[in-house]
Amino acid sequence: MKNYVIGGLICLLASLAIGIKPVQKMINEAMNHGTLKGVETCISYSNSELLSVDSVKATCVRAFQKQLYSDANTTGSAGPRYNQEIVSWGGYLENKVVDYVTTWVRISVSVYNEEGAKQEYLAETPIWIDPLGKKSFEVKLPDVGRKQFENNEFCGNVNSAPISCITWGVEEVMGLSI
């Protein structure tokens, strides 16, 4: 009991010395990391006339999101997109869980040549997909030329060695529990 009283007095002194708001922010970060509640509280503490609401939201989401361990819960359909010489990967992603918001994904795109050699490209993007929701996305693929996708279809049979084809998948997912 004595330790709780001492801890409470230390917190009280810290709040008086540095202010209530910084102490509340520290407590929020410690208690609500990885949760939607943490982001909501962060946004309420971060009112600014100089920043847009979207900027504040993005900063709070980045600070509170956590890695989700089952990439199979975020799936979708996508393919290459071309804008002159810029190659990107786009389509839609679906969040298949009821208790998490998807906030960030890393996409992996693999191109196999005629000999079966694999060249992998990674791209990441912030995204907001509500539980059981769907969202379109598009990410630029760095150092990829349009020619690398020409005459390549999606790899079909998993049992055969991939040759002159493309595969893609969700490599990593981050999100917030609701």
# chains A, B, ... in the order shown; residues from 1 in each chain; ligands from 1
>>> select_by_dssp(residues="region 85-163 of chain A", states="strand (DSSP E or B)", output="PyMOL selection string")
chain A and resi 86-95+100-112+118-129+134-140+153-154
>>> write_last_selection(atoms="N, CA and C atoms", output="CSV table (one decimal), in the first residue's frame")
chain,number,residue,atom,x,y,z
A,86,ILE,N,6.1,5.1,-65.5
A,86,ILE,CA,6.0,4.7,-64.0
A,86,ILE,C,5.1,3.5,-63.9
A,87,VAL,N,5.7,2.5,-63.2
A,87,VAL,CA,4.9,1.2,-63.0
A,87,VAL,C,4.5,1.2,-61.5
A,88,SER,N,3.2,0.9,-61.3
A,88,SER,CA,2.7,0.7,-60.0
A,88,SER,C,1.9,-0.5,-59.9
A,89,TRP,N,1.5,-0.9,-58.7
A,89,TRP,CA,0.7,-2.1,-58.4
A,89,TRP,C,-0.5,-1.6,-57.7
A,90,GLY,N,-1.7,-2.0,-58.3
A,90,GLY,CA,-2.9,-1.5,-57.7
A,90,GLY,C,-4.1,-2.5,-57.8
A,91,GLY,N,-5.1,-2.2,-57.0
A,91,GLY,CA,-6.3,-3.1,-57.0
A,91,GLY,C,-7.0,-2.8,-55.7
A,92,TYR,N,-7.5,-3.8,-55.0
A,92,TYR,CA,-8.2,-3.6,-53.8
A,92,TYR,C,-7.7,-4.6,-52.8
A,93,LEU,N,-7.8,-4.2,-51.5
A,93,LEU,CA,-7.4,-5.1,-50.4
A,93,LEU,C,-8.6,-5.2,-49.5
A,94,GLU,N,-8.8,-6.4,-48.9
A,94,GLU,CA,-9.9,-6.7,-48.0
A,94,GLU,C,-9.4,-7.1,-46.6
A,95,ASN,N,-9.9,-6.5,-45.6
A,95,ASN,CA,-9.6,-6.8,-44.2
A,95,ASN,C,-10.7,-7.8,-43.8
A,100,TYR,N,-10.0,-5.7,-35.9
A,100,TYR,CA,-8.8,-4.8,-36.2
A,100,TYR,C,-9.1,-4.0,-37.4
A,101,VAL,N,-8.5,-2.8,-37.4
A,101,VAL,CA,-8.5,-1.9,-38.5
A,101,VAL,C,-7.1,-2.1,-39.2
A,102,THR,N,-7.0,-2.3,-40.5
A,102,THR,CA,-5.8,-2.4,-41.2
A,102,THR,C,-5.3,-1.0,-41.5
A,103,THR,N,-4.1,-0.6,-41.1
A,103,THR,CA,-3.6,0.8,-41.2
A,103,THR,C,-2.4,0.9,-42.2
A,104,TRP,N,-1.7,-0.2,-42.5
A,104,TRP,CA,-0.5,-0.2,-43.3
A,104,TRP,C,-0.2,-1.6,-43.8
A,105,VAL,N,0.3,-1.6,-45.1
A,105,VAL,CA,0.6,-2.9,-45.7
A,105,VAL,C,1.9,-2.8,-46.5
A,106,ARG,N,2.6,-3.9,-46.5
A,106,ARG,CA,3.8,-4.0,-47.4
A,106,ARG,C,3.4,-5.1,-48.5
A,107,ILE,N,3.5,-4.7,-49.7
A,107,ILE,CA,3.2,-5.6,-50.8
A,107,ILE,C,4.4,-6.1,-51.5
A,108,SER,N,4.4,-7.4,-51.8
A,108,SER,CA,5.5,-8.0,-52.5
A,108,SER,C,5.1,-8.4,-53.9
A,109,VAL,N,5.8,-8.0,-54.9
A,109,VAL,CA,5.6,-8.4,-56.3
A,109,VAL,C,6.8,-9.1,-56.8
A,110,SER,N,6.6,-10.4,-57.3
A,110,SER,CA,7.7,-11.2,-57.8
A,110,SER,C,7.5,-11.4,-59.3
A,111,VAL,N,8.6,-11.2,-60.0
A,111,VAL,CA,8.6,-11.4,-61.5
A,111,VAL,C,9.6,-12.5,-61.8
A,112,TYR,N,9.2,-13.6,-62.4
A,112,TYR,CA,10.0,-14.7,-62.8
A,112,TYR,C,10.3,-14.6,-64.3
A,118,LYS,N,13.9,-15.3,-60.0
A,118,LYS,CA,12.9,-14.4,-59.4
A,118,LYS,C,13.6,-13.0,-59.0
A,119,GLN,N,12.8,-12.0,-59.4
A,119,GLN,CA,13.1,-10.6,-59.0
A,119,GLN,C,12.0,-10.1,-58.1
A,120,GLU,N,12.3,-9.8,-56.8
A,120,GLU,CA,11.2,-9.4,-55.9
A,120,GLU,C,11.2,-7.9,-55.7
A,121,TYR,N,10.1,-7.2,-55.7
A,121,TYR,CA,9.9,-5.8,-55.4
A,121,TYR,C,9.0,-5.6,-54.3
A,122,LEU,N,9.4,-4.7,-53.4
A,122,LEU,CA,8.5,-4.5,-52.2
A,122,LEU,C,8.1,-3.0,-52.2
A,123,ALA,N,6.9,-2.8,-51.8
A,123,ALA,CA,6.3,-1.4,-51.7
A,123,ALA,C,5.4,-1.4,-50.5
A,124,GLU,N,5.3,-0.3,-49.8
A,124,GLU,CA,4.5,-0.2,-48.7
A,124,GLU,C,3.6,1.1,-48.8
A,125,THR,N,2.5,1.0,-48.1
A,125,THR,CA,1.6,2.2,-48.1
A,125,THR,C,0.7,2.2,-46.9
A,126,PRO,N,0.5,3.4,-46.4
A,126,PRO,CA,-0.5,3.5,-45.3
A,126,PRO,C,-1.9,3.4,-46.0
A,127,ILE,N,-2.8,2.7,-45.3
A,127,ILE,CA,-4.2,2.5,-45.8
A,127,ILE,C,-5.1,2.4,-44.6
A,128,TRP,N,-6.4,2.6,-44.8
A,128,TRP,CA,-7.3,2.5,-43.7
A,128,TRP,C,-8.4,1.6,-44.2
A,129,ILE,N,-8.4,0.4,-43.6
A,129,ILE,CA,-9.5,-0.6,-44.0
A,129,ILE,C,-10.2,-1.0,-42.8
A,134,LYS,N,-13.3,-3.2,-47.5
A,134,LYS,CA,-12.5,-3.3,-48.7
A,134,LYS,C,-12.0,-1.9,-49.0
A,135,LYS,N,-10.8,-1.8,-49.6
A,135,LYS,CA,-10.3,-0.5,-50.0
A,135,LYS,C,-9.4,-0.6,-51.2
A,136,SER,N,-9.5,0.3,-52.1
A,136,SER,CA,-8.6,0.3,-53.3
A,136,SER,C,-7.2,0.9,-52.8
A,137,PHE,N,-6.2,0.5,-53.6
A,137,PHE,CA,-4.8,0.9,-53.3
A,137,PHE,C,-4.0,1.0,-54.5
A,138,GLU,N,-2.9,1.7,-54.5
A,138,GLU,CA,-2.0,1.8,-55.6
A,138,GLU,C,-0.6,2.2,-55.0
A,139,VAL,N,0.4,1.4,-55.3
A,139,VAL,CA,1.8,1.7,-54.8
A,139,VAL,C,2.7,1.7,-56.0
A,140,LYS,N,3.6,2.7,-56.0
A,140,LYS,CA,4.7,2.7,-57.0
A,140,LYS,C,5.7,1.6,-56.7
A,153,GLU,N,2.2,-13.5,-67.5
A,153,GLU,CA,0.9,-13.7,-66.9
A,153,GLU,C,1.1,-14.0,-65.5
A,154,PHE,N,0.0,-14.1,-64.7
A,154,PHE,CA,0.1,-14.4,-63.3
A,154,PHE,C,0.5,-15.9,-63.3
>>> residues_around(residues="Leu36 (chain A)", least_positions_apart="2", cutoff="10 Å", atoms="only C-alpha atoms", output="PyMOL selection string")
chain A and resi 32-34+38-42+60-61+64-65+100-101+175-178
>>> select_by_dssp(residues="region 6-176 of chain A", states="alpha helix (DSSP H)", output="MDAnalysis selection string")
chainID A and resid 6:18 20:32 36:45 53:64
>>> write_last_selection(atoms="C-alpha atoms", output="short mmCIF file (atom, residue, chain, number, x, y, z; two decimals), in the first residue's frame")
data_model
loop_
_atom_site.label_atom_id
_atom_site.label_comp_id
_atom_site.auth_asym_id
_atom_site.auth_seq_id
_atom_site.Cartn_x
_atom_site.Cartn_y
_atom_site.Cartn_z
CA ILE A 6 4.58 6.86 -3.15
CA GLY A 7 3.88 6.13 -6.84
CA GLY A 8 0.81 8.37 -6.76
CA LEU A 9 2.78 11.20 -5.17
CA ILE A 10 5.52 10.87 -7.79
CA CYS A 11 2.90 11.07 -10.58
CA LEU A 12 1.31 14.09 -8.91
CA LEU A 13 4.67 15.85 -8.63
CA ALA A 14 5.52 14.99 -12.27
CA SER A 15 2.16 16.42 -13.43
CA LEU A 16 2.72 19.61 -11.48
CA ALA A 17 6.29 19.95 -12.73
CA ILE A 18 5.78 19.25 -16.44
CA ILE A 20 -0.96 17.42 -16.95
CA LYS A 21 -1.14 17.06 -20.75
CA PRO A 22 2.36 15.54 -21.26
CA VAL A 23 1.72 13.06 -18.44
CA GLN A 24 -1.65 12.13 -19.98
CA LYS A 25 0.06 11.61 -23.37
CA MET A 26 2.69 9.33 -21.80
CA ILE A 27 0.01 7.31 -20.03
CA ASN A 28 -2.02 7.05 -23.25
CA GLU A 29 1.03 5.81 -25.18
CA ALA A 30 1.84 3.22 -22.53
CA MET A 31 -1.71 1.98 -21.94
CA ASN A 32 -3.26 2.18 -25.41
CA LEU A 36 -8.03 2.62 -31.87
CA LYS A 37 -8.69 4.26 -28.49
CA GLY A 38 -5.02 5.30 -28.34
CA VAL A 39 -5.28 6.97 -31.75
CA GLU A 40 -8.52 8.72 -30.82
CA THR A 41 -6.97 10.05 -27.60
CA CYS A 42 -3.81 11.10 -29.45
CA ILE A 43 -5.92 13.07 -31.95
CA SER A 44 -7.80 14.80 -29.14
CA TYR A 45 -4.46 15.84 -27.55
CA VAL A 53 -6.90 16.76 -39.43
CA ASP A 54 -5.55 14.16 -41.89
CA SER A 55 -1.94 14.97 -40.94
CA VAL A 56 -2.70 14.63 -37.23
CA LYS A 57 -4.57 11.36 -37.84
CA ALA A 58 -1.71 9.93 -39.94
CA THR A 59 0.86 10.85 -37.27
CA CYS A 60 -1.21 9.32 -34.47
CA VAL A 61 -1.90 6.14 -36.47
CA ARG A 62 1.81 5.76 -37.24
CA ALA A 63 2.65 6.16 -33.54
CA PHE A 64 0.04 3.66 -32.26
#
>>> closest_residue(among="A:Gly145, A:Pro131, A:Gly116, A:Gly156", to="Gln84 (chain A)", atoms="only C-alpha atoms")
A:Gly145
>>> closest_residue(among="A:Tyr82, A:Ser160, A:Val97, A:Glu172", to="Gln148 (chain A)", atoms="only C-alpha atoms")
A:Tyr82
>>> atom_distance(atom1="CA of Phe149 (chain A)", atom2="CA of Thr167 (chain A)")
11.0 Å
>>> closest_residue(among="A:Asn83, A:Asn151, A:Ser164, A:Asn73", to="Gly133 (chain A)", atoms="only C-alpha atoms")
A:Asn73
>>> closest_residue(among="A:Asn113, A:Ser46, A:Asp130, A:Lys96", to="Ala72 (chain A)", atoms="only C-alpha atoms")
A:Lys96
>>> decode(residues="region 50-157 of chain A", atoms="C-alpha atoms", output="CSV table (one decimal), in the first residue's frame")
chain,number,residue,atom,x,y,z
A,50,LEU,CA,-1.4,24.6,-38.3
A,51,LEU,CA,-1.9,21.0,-39.2
A,52,SER,CA,-4.7,19.4,-41.1
A,53,VAL,CA,-6.9,16.8,-39.4
A,54,ASP,CA,-5.6,14.2,-41.9
A,55,SER,CA,-1.9,15.0,-40.9
A,56,VAL,CA,-2.7,14.6,-37.2
A,57,LYS,CA,-4.6,11.4,-37.8
A,58,ALA,CA,-1.7,9.9,-39.9
A,59,THR,CA,0.9,10.8,-37.3
A,60,CYS,CA,-1.2,9.3,-34.5
A,61,VAL,CA,-1.9,6.1,-36.5
A,62,ARG,CA,1.8,5.8,-37.2
A,63,ALA,CA,2.6,6.2,-33.5
A,64,PHE,CA,0.0,3.7,-32.3
A,65,GLN,CA,-0.3,1.0,-34.9
A,66,LYS,CA,1.2,-2.5,-34.3
A,67,GLN,CA,2.2,-5.4,-36.4
A,68,LEU,CA,-0.6,-7.9,-37.1
A,69,TYR,CA,0.7,-11.5,-37.3
A,70,SER,CA,-1.6,-13.1,-39.9
A,71,ASP,CA,-1.1,-11.7,-43.3
A,72,ALA,CA,-3.8,-14.0,-44.6
A,73,ASN,CA,-6.4,-11.7,-43.0
A,74,THR,CA,-5.6,-9.0,-45.6
A,75,THR,CA,-6.1,-10.3,-49.1
A,76,GLY,CA,-7.3,-8.9,-52.4
A,77,SER,CA,-7.0,-8.6,-56.1
A,78,ALA,CA,-4.4,-6.5,-57.9
A,79,GLY,CA,-2.2,-6.1,-60.9
A,80,PRO,CA,0.3,-3.8,-62.7
A,81,ARG,CA,-0.7,-0.2,-63.5
A,82,TYR,CA,1.1,2.0,-66.0
A,83,ASN,CA,1.4,5.8,-66.2
A,84,GLN,CA,3.8,6.5,-69.0
A,85,GLU,CA,7.1,4.9,-67.7
A,86,ILE,CA,6.0,4.7,-64.0
A,87,VAL,CA,4.9,1.2,-63.0
A,88,SER,CA,2.7,0.7,-60.0
A,89,TRP,CA,0.7,-2.1,-58.4
A,90,GLY,CA,-2.9,-1.5,-57.7
A,91,GLY,CA,-6.3,-3.1,-57.0
A,92,TYR,CA,-8.2,-3.6,-53.8
A,93,LEU,CA,-7.4,-5.1,-50.4
A,94,GLU,CA,-9.9,-6.7,-48.0
A,95,ASN,CA,-9.6,-6.8,-44.2
A,96,LYS,CA,-11.1,-10.2,-43.2
A,97,VAL,CA,-11.1,-9.7,-39.4
A,98,VAL,CA,-13.8,-8.1,-37.2
A,99,ASP,CA,-11.6,-6.7,-34.4
A,100,TYR,CA,-8.8,-4.8,-36.2
A,101,VAL,CA,-8.5,-1.9,-38.5
A,102,THR,CA,-5.8,-2.4,-41.2
A,103,THR,CA,-3.6,0.8,-41.2
A,104,TRP,CA,-0.5,-0.2,-43.3
A,105,VAL,CA,0.6,-2.9,-45.7
A,106,ARG,CA,3.8,-4.0,-47.4
A,107,ILE,CA,3.2,-5.6,-50.8
A,108,SER,CA,5.5,-8.0,-52.5
A,109,VAL,CA,5.6,-8.4,-56.3
A,110,SER,CA,7.7,-11.2,-57.8
A,111,VAL,CA,8.6,-11.4,-61.5
A,112,TYR,CA,10.0,-14.7,-62.8
A,113,ASN,CA,12.0,-14.6,-66.1
A,114,GLU,CA,12.3,-17.4,-68.8
A,115,GLU,CA,14.9,-19.2,-66.7
A,116,GLY,CA,12.7,-19.1,-63.5
A,117,ALA,CA,15.0,-16.5,-61.8
A,118,LYS,CA,12.9,-14.4,-59.4
A,119,GLN,CA,13.1,-10.6,-59.0
A,120,GLU,CA,11.2,-9.4,-55.9
A,121,TYR,CA,9.9,-5.8,-55.4
A,122,LEU,CA,8.5,-4.5,-52.2
A,123,ALA,CA,6.3,-1.4,-51.7
A,124,GLU,CA,4.5,-0.2,-48.7
A,125,THR,CA,1.6,2.2,-48.1
A,126,PRO,CA,-0.5,3.5,-45.3
A,127,ILE,CA,-4.2,2.5,-45.8
A,128,TRP,CA,-7.3,2.5,-43.7
A,129,ILE,CA,-9.5,-0.6,-44.0
A,130,ASP,CA,-12.3,-1.0,-41.5
A,131,PRO,CA,-13.0,-4.4,-40.1
A,132,LEU,CA,-14.5,-6.7,-42.8
A,133,GLY,CA,-14.1,-3.7,-45.2
A,134,LYS,CA,-12.5,-3.3,-48.7
A,135,LYS,CA,-10.3,-0.5,-50.0
A,136,SER,CA,-8.6,0.3,-53.3
A,137,PHE,CA,-4.8,0.9,-53.3
A,138,GLU,CA,-2.0,1.8,-55.6
A,139,VAL,CA,1.8,1.7,-54.8
A,140,LYS,CA,4.7,2.7,-57.0
A,141,LEU,CA,7.2,-0.1,-57.6
A,142,PRO,CA,10.7,1.4,-57.4
A,143,ASP,CA,13.2,0.6,-60.1
A,144,VAL,CA,10.6,-1.4,-62.2
A,145,GLY,CA,10.2,-0.9,-65.9
A,146,ARG,CA,7.2,-1.6,-68.0
A,147,LYS,CA,9.1,-4.2,-70.0
A,148,GLN,CA,9.5,-6.4,-67.0
A,149,PHE,CA,5.8,-7.1,-67.0
A,150,GLU,CA,5.3,-7.5,-70.7
A,151,ASN,CA,4.3,-10.9,-71.9
A,152,ASN,CA,4.1,-12.2,-68.3
A,153,GLU,CA,0.9,-13.7,-66.9
A,154,PHE,CA,0.1,-14.4,-63.3
A,155,CYS,CA,1.7,-17.7,-62.1
A,156,GLY,CA,-0.9,-20.4,-62.1
A,157,ASN,CA,-0.1,-23.9,-60.8
